[in-house]
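These notes are about the structure you will find just below.
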Amino acid sequence: MDIVLITTLLASLFLLIGIAEPLAARLRLPYSVILAILGILIGASAIFFLRTDLTDALNPVAEAILGLPIRSNVFLYVFLPTLLFQVTLGVNLRRMLDDWVPILVLAVVAVIVATLSVGYALSWASSLPLAACLLIGAIVSTTDPSAVVSIFRSISAPRRLARIIEGESLLNDAAAIALFGLFMGFVMLGVPDPKLGAAFARFPLLIGGGAITGWLAARIAVWIMARFSQFELAQISISVALPYLAYIGAEQSIGASGVIAVVTAGLTLNLTGPGRLPPQAWTNLRELWDVLAHWAGALIFILAALLIPRLLEEVRVEDVVLVGVVIAAAIAARAVILFGFLPLLTVLRLSPAIERPYRVAILWGGLRGAVTLALALAVTESFRVPVEVKRVVGILATGFTLFTLIVQGTTLRTVITWLGLDRLSRLDQALSRQVVAVALQTVREDVARTTENYEMDHDIVRSEAKRFGERLDTAVKLAEDSVDIVNRDRVTLGLIALAGHERDTILVRVRERTISARMTEQVLSDADRLIEGARSQGRSGYQQAARRSVAYGRAFRTAVILHRRLGFSRPLVRMTADRFEALLSQRLILRDLGAFIDKRIRRIHGRRVADLLHDLLSRRVEAVETALEGLRLQYPGYAEKLQRRFIRRTALRLEEREYTAMREDGLIGAEVHTALMQDLAARRSAAEQRPRLDITLQRTDVVRQFPLFADLDDAALKRLGRALETRYVNAGDIVMHKDRTAKSVFFIASGAVELETASQTWRLGRGEMFGEMALLMKKTRRAEARAIAPSTLLVLDETRFRRLLDRSEALQEAVRASAAKRGIEPQTLFDVGNADTA
């Protein structure tokens with residue numbers, strides 16, 4: 001084929017891609033539907049001009065269109081990895097894990113149910129062997145959620161719903177392609193009735209092998225990219241190679257799922273890349289992948305749609321009936337999952353609830369697209385598949401895809417309107433009025449500063465200020481006079497505004513590099529949870545999200561177990577350092593929120609709401625300080641290292657600002673500015689390195705680290721080490737109960753503990769002891785001890801503790817100091833102990 005003609009065709013396709021998006025917006029149709037219609041029209045026109053006698057002038061163009069090398073491998077090996085990889089780079093994995101149950105149900109369970117439902121329905125309605133029917137079921141079970149996601153975003157639907165659909169799109173292709181490969185093998189081998197148990201037994205290899213391959217490829221890629229920190233284009237080029245090598249390596253080397261490999265590689269890069277790559281390089285990498293995915297998604301739709309006229313050439317009446325069977329079975333299977341299985345999981349408290357209107361939208365938004373057509377094309381290309389099976393597969397897959405695109409796709413927005421999902425709720429309407437009022441107040445202040453800087457005519461300024469003030473007063477009055485908003489909702493609106501401002505402040509701090517790129521996603525995820533918690537559950541949802549931001553999660557507890565049981569410390573080191581930095585970032589942000597409450601929220605919602613928000617904010621500050629204090633006591637000195645790093649990064653940011661200002665003022669030239677910025681970049685790279693946290697505690701050194709035992713000889717230390725009992729406690733666990741008889745003393749090997757009595761609270765850290773007072777005074781305990789960090793405690797019984805106290809002057813001194821701090825006469829303790837010994 002002429003290279004000029006091929007180039008012209010490709011350029012024309014990109015021209016269509018550019019036209020399709022504004023056309024879809026104007027017609028209020030999903031973008032993918034417009035692309036599919038354009039592809040079908042082009043393919044049908046090419047066939048028409050080749051077969052008509054009207055003219056031969058367009059035959060070369062028609063032949064070139066029909067002769068394009070469109071094969072299933074092009075879709076699966078070129079376009080699919082691009083689309084999947086881009087989604088993984090943009091997804092918020094931490095937030096997606098909040099809804100992992102519905103995501104897995106839709107991506108895996110729904111695919112299997114749809115495959116079996118369509119397969120057995122076709123087997124009952126046709127003469128095809130069961131293996132071929134299940135193959136068709138696997139082909140049509142993969143959905144293309146891009147249309148419904150784009151519409152949800154256009155109507156400002158909750159981000160949680162879009163995340164569920166995006167999560168489904170990441171994994172359902174993998175499940176469907178894995179099932180396709182299994183049943184394709186049975187069809188090619190001529191096995192009419194496959195054993196499903198044996199087929200599904202291969203799933204662990206497909207998924208596990210793909211995950212390991214993708215993770216390993218991504219770790220190697222990140223390691224190489226980190227070594228090329230000064231070469232941004234090299235880093236981006238390596239990222240382009242990563243998904244294709246992961247896909248081919250999994251598929252061709254170990255026979256695993258290439259889709260799972262690409263998804264795992266993308267998620268690994270998403271989690272590790274921001275902390276290993278320069279912020280600007282990571283931003284540019286994401287932007288490049290956004291463009292590549294846009295082109296790949298459009299091309300895959302147009303090229304796949306070009307095939308539709310050819311796949312439908314041999315359609316018969318009975319095929320139309322079978323298409324109806326496929327449609328009914330597929331929709332019924334998806335409905336069973338959405339309206340039967342997911343609500344059941346919600347009742348059992350295994351899955352968060354998904355509102356009925358959104359489930360209806362998800363059901364009707366289950367469009368099929370290019371992946372379905374690509375898998376059908378793979379069947380039609382195989383010479384080992386019977387001719388009749390190839391014909392039926394092509395027709396049924398194409399017919400079902402056309403139904404979802406033309407019928408469901410064109411009516412999806414109407415369905416969403418009918419469900420009321422495009423209308424703001426009463427609370428959202430009040431929120432929008434509040435946002436306008438707050439925004440206009442900020443605009444007034446900024447405009448006032450601008451007019452002062454430019455020294456404009458006072459009469460003009462006064463006139464425009466009066467006009468703007470009237471608009472502002474109207475907006476504030478609308479926000480204040482929402483008679484249909486009860487006080488509880490006003491608190492909710494205030495919390496949403498407060499959490500939104502917190503998120504904006506975080507973004508400002510990230511741009512200023514006050515918050516490191518490594519922590520950006522985590523702190524933004526915490527802010528998003530605050531917003532969604534306030535929107536869905538008001539004050540309780542906000543408080544729950546706030547507690548979660550400082551709590552030790554399951555992943556952290558798992559890392560603690562790995563460290564204690566197996567000696568594998570790397571996950572715990574990383575998570576502990578992340579927690580330190582996240583808490584310091586939270587404290588920095590929270591201190592800026594009080595002024596926002598006083599300047600913005602108090603004027604709109606009144607003093608009562610503002611005071612309540614101040615109270616909630618003070619509780620958050622206290623929780624963050626408690627968590628930080630626990631870490632400081634557990635790892636003395638590490639918080640100081642992080643604060644020094646923060647100061648250095650801030651100084652570098654200010655230094656960069658000064659150089660930029662000098663360059664703009666003409667005080668230094670481009671050459672000097674470039675040299676200064678290169679030196680600054682080198683120093684910034686060094687300052688970005690987070691200080692190393694050492695959490696290792698060798699059993700032989702545990703006892704030696706205590707200043708209390710400093711005067712004991714080696715033999716005594718060894719005997720003491722054998723006598724001490726080790727106890728591990730998690731944050732929040734009660735170590736010592738009030739009103740219990742004292743029988744032992746506790747020494748903190750690592751971690752932190754908070755002691756609370758009726759009158760006071762104090763905190764103890766590594767190397768300190770507690771519980772000795774009640775034991776020596778022969779009284780029930782008056783204090784309750786609670787761990788405020790994962791802690792390792794050493795416990796000594798009463799008899800051994802008294803013997804140790806007799807020998808150790810350092811321990812006696814520590815007991816006297818502790819008694820004096822609590823207002824107890826030290827000699828009283830030793831008199832009680834001596835009397836008991838006598």
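Chain labels run A, B, ... following the order of the structure tokens; each chain numbers its residues from 1, and ligands are numbered from 1 in the order shown.
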
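Once A:Val108 and its same-chain neighbours fewer than 4 positions away are set aside, A:Pro102, A:Ile103, A:Leu104, A:Ile112, A:Val113, A:Ala114, A:Thr142, A:Glu168, A:Leu171, A:Asn172, A:Asp173, A:Ala174, A:Ala175, A:Ala176 remain within 10 Å of it when counting only C-alpha atoms.
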
Original post:
Could you pull the residues within 12 Å of A:Arg727, counting only C-alpha atoms, minus those fewer than 6 positions along the same chain, as a count of residues only?
Top reply: 17

Original post:
Residues of stretch 92-145 of chain A in alpha helix (DSSP H) according to DSSP, as a ChimeraX atom specification?
Top reply: /A:93-96,100-104,110-125,130-140

Subject >> Exercise: stretch 35-48 of chain A partners within 8 Å, only C-alpha atoms, chain neighbours under 3 positions left out, as an MDAnalysis selection string >> reply: chainID A and resid 17 20 31:32 51:52 59 61:63 65:66 298 301:309 405

**OP:** Please identify all polymer residues within 9 Å of A:Lys390, counting only C-alpha atoms, omitting same-chain residues fewer than 6 positions from it, and present them as a list in words.
**Re:**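 Close residues of A:Lys390: Ala376, Leu377, Val379, Thr380, Glu381 and Ser382 of chain A.
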
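Interatomic distance, atom CA of A:Ser123 to atom CA of A:Val321: 13.3 Å.
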
**OP:** Tell me which protein, DNA and RNA residues are within 9 Å of stretch 243-247 of chain A, counting only C-alpha atoms, leaving out same-chain ones fewer than 5 positions away, and put them as a PyMOL selection string.
**Re:** chain A and resi 77-78+81-82+84-85+210+213-218+252+257-263+265-266

Original post:
If we count only C-alpha atoms, what is near stretch 331-345 of chain A at a cut-off of 10 Å, once residues fewer than 6 positions away on the same chain are taken out, given as a ChimeraX atom specification?
Top reply: /A:101-102,105-106,109-118,141,351-356,358-360,362-364,366

Save the residues we just selected, N, CA, C and O atoms, as a CSV table (one decimal), in the first residue's frame?
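The new file selection16.csv reads:
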```csv
chain,number,residue,atom,x,y,z
A,101,VAL,N,-14.6,-3.8,47.7
A,101,VAL,CA,-15.6,-4.9,47.6
A,101,VAL,C,-16.5,-4.7,46.4
A,101,VAL,O,-16.6,-5.6,45.6
A,102,PRO,N,-17.2,-3.6,46.3
A,102,PRO,CA,-18.0,-3.5,45.1
A,102,PRO,C,-17.2,-3.5,43.8
A,102,PRO,O,-17.7,-3.9,42.7
A,105,VAL,N,-16.5,-7.1,43.0
A,105,VAL,CA,-17.7,-7.7,42.6
A,105,VAL,C,-18.1,-7.4,41.2
A,105,VAL,O,-18.4,-8.3,40.4
A,106,LEU,N,-18.0,-6.1,40.8
A,106,LEU,CA,-18.4,-5.7,39.4
A,106,LEU,C,-17.3,-6.2,38.4
A,106,LEU,O,-17.7,-6.5,37.3
A,109,VAL,N,-16.7,-10.9,39.8
A,109,VAL,CA,-17.9,-11.7,40.0
A,109,VAL,C,-18.9,-11.4,38.8
A,109,VAL,O,-19.5,-12.4,38.3
A,110,ALA,N,-19.2,-10.2,38.5
A,110,ALA,CA,-20.1,-9.8,37.5
A,110,ALA,C,-19.7,-10.4,36.1
A,110,ALA,O,-20.5,-10.8,35.3
A,111,VAL,N,-18.4,-10.4,35.8
A,111,VAL,CA,-17.9,-10.9,34.6
A,111,VAL,C,-18.1,-12.4,34.5
A,111,VAL,O,-18.6,-12.9,33.5
A,112,ILE,N,-17.9,-13.1,35.6
A,112,ILE,CA,-18.1,-14.6,35.6
A,112,ILE,C,-19.6,-14.9,35.5
A,112,ILE,O,-20.0,-15.8,34.7
A,113,VAL,N,-20.4,-14.2,36.2
A,113,VAL,CA,-21.8,-14.4,36.1
A,113,VAL,C,-22.4,-14.1,34.7
A,113,VAL,O,-23.2,-14.9,34.2
A,114,ALA,N,-21.9,-13.0,34.1
A,114,ALA,CA,-22.4,-12.7,32.8
A,114,ALA,C,-21.9,-13.8,31.8
A,114,ALA,O,-22.7,-14.1,30.9
A,115,THR,N,-20.7,-14.2,31.9
A,115,THR,CA,-20.2,-15.3,31.0
A,115,THR,C,-21.0,-16.5,31.1
A,115,THR,O,-21.4,-17.1,30.1
A,116,LEU,N,-21.3,-17.0,32.3
A,116,LEU,CA,-22.1,-18.2,32.5
A,116,LEU,C,-23.5,-18.0,32.0
A,116,LEU,O,-24.1,-18.8,31.4
A,117,SER,N,-24.1,-16.8,32.4
A,117,SER,CA,-25.5,-16.5,32.0
A,117,SER,C,-25.7,-16.5,30.5
A,117,SER,O,-26.6,-17.2,29.9
A,118,VAL,N,-24.8,-15.8,29.8
A,118,VAL,CA,-24.9,-15.7,28.3
A,118,VAL,C,-24.6,-17.1,27.7
A,118,VAL,O,-25.3,-17.5,26.8
A,141,SER,N,-18.8,-9.9,28.0
A,141,SER,CA,-18.9,-9.6,29.4
A,141,SER,C,-18.1,-8.4,29.9
A,141,SER,O,-18.2,-7.9,31.0
A,351,SER,N,-19.9,-4.6,52.4
A,351,SER,CA,-19.7,-3.6,51.3
A,351,SER,C,-20.5,-2.3,51.6
A,351,SER,O,-21.6,-2.4,52.2
A,352,PRO,N,-19.9,-1.2,51.3
A,352,PRO,CA,-20.7,0.1,51.5
A,352,PRO,C,-21.8,0.1,50.5
A,352,PRO,O,-21.8,-0.5,49.5
A,353,ALA,N,-22.9,0.9,50.9
A,353,ALA,CA,-24.1,0.9,50.1
A,353,ALA,C,-23.9,1.8,48.9
A,353,ALA,O,-23.1,2.8,48.9
A,354,ILE,N,-24.5,1.4,47.8
A,354,ILE,CA,-24.6,2.1,46.6
A,354,ILE,C,-26.1,2.4,46.3
A,354,ILE,O,-26.9,1.5,46.2
A,355,GLU,N,-26.4,3.7,46.2
A,355,GLU,CA,-27.8,4.1,46.1
A,355,GLU,C,-28.4,3.5,44.8
A,355,GLU,O,-27.8,3.3,43.8
A,356,ARG,N,-29.7,3.3,44.9
A,356,ARG,CA,-30.5,2.6,43.8
A,356,ARG,C,-30.4,3.4,42.5
A,356,ARG,O,-30.1,2.8,41.4
A,358,TYR,N,-28.0,5.2,41.3
A,358,TYR,CA,-26.7,5.0,40.7
A,358,TYR,C,-26.5,3.5,40.2
A,358,TYR,O,-25.9,3.3,39.2
A,359,ARG,N,-27.1,2.6,40.9
A,359,ARG,CA,-27.1,1.2,40.4
A,359,ARG,C,-27.8,1.1,39.0
A,359,ARG,O,-27.4,0.4,38.1
A,360,VAL,N,-29.0,1.8,38.9
A,360,VAL,CA,-29.7,1.8,37.6
A,360,VAL,C,-28.8,2.4,36.5
A,360,VAL,O,-28.7,1.9,35.4
A,362,ILE,N,-25.5,2.6,36.5
A,362,ILE,CA,-24.4,1.6,36.2
A,362,ILE,C,-25.0,0.5,35.3
A,362,ILE,O,-24.3,0.0,34.3
A,363,LEU,N,-26.2,0.0,35.6
A,363,LEU,CA,-26.7,-1.1,34.7
A,363,LEU,C,-26.9,-0.7,33.3
A,363,LEU,O,-26.5,-1.3,32.4
A,364,TRP,N,-27.5,0.5,33.1
A,364,TRP,CA,-27.8,1.0,31.7
A,364,TRP,C,-26.5,1.5,31.1
A,364,TRP,O,-26.4,1.6,29.9
A,366,GLY,N,-23.7,0.0,31.1
A,366,GLY,CA,-22.7,-1.1,30.8
A,366,GLY,C,-22.5,-1.3,29.3
A,366,GLY,O,-22.8,-2.3,28.7
```

Subject >> Atomic distance atom CA of A:Leu616 - atom CA of A:Arg513, expressed in Å with one decimal >> reply: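 Here the two named atoms are 27.8 Å from each other.
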
Subject >> One-decimal distance in Å that lies between atom CA of A:Met773 and atom CA of A:Lys738 >> reply: 13.0 Å

Original post:
With only C-alpha atoms as the atoms that count, which of A:Leu507, A:Ala397, A:Leu50, A:Val672 lies nearest to A:Ile136?
Top reply: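 For A:Ile136, the nearest of the candidates is A:Ala397.
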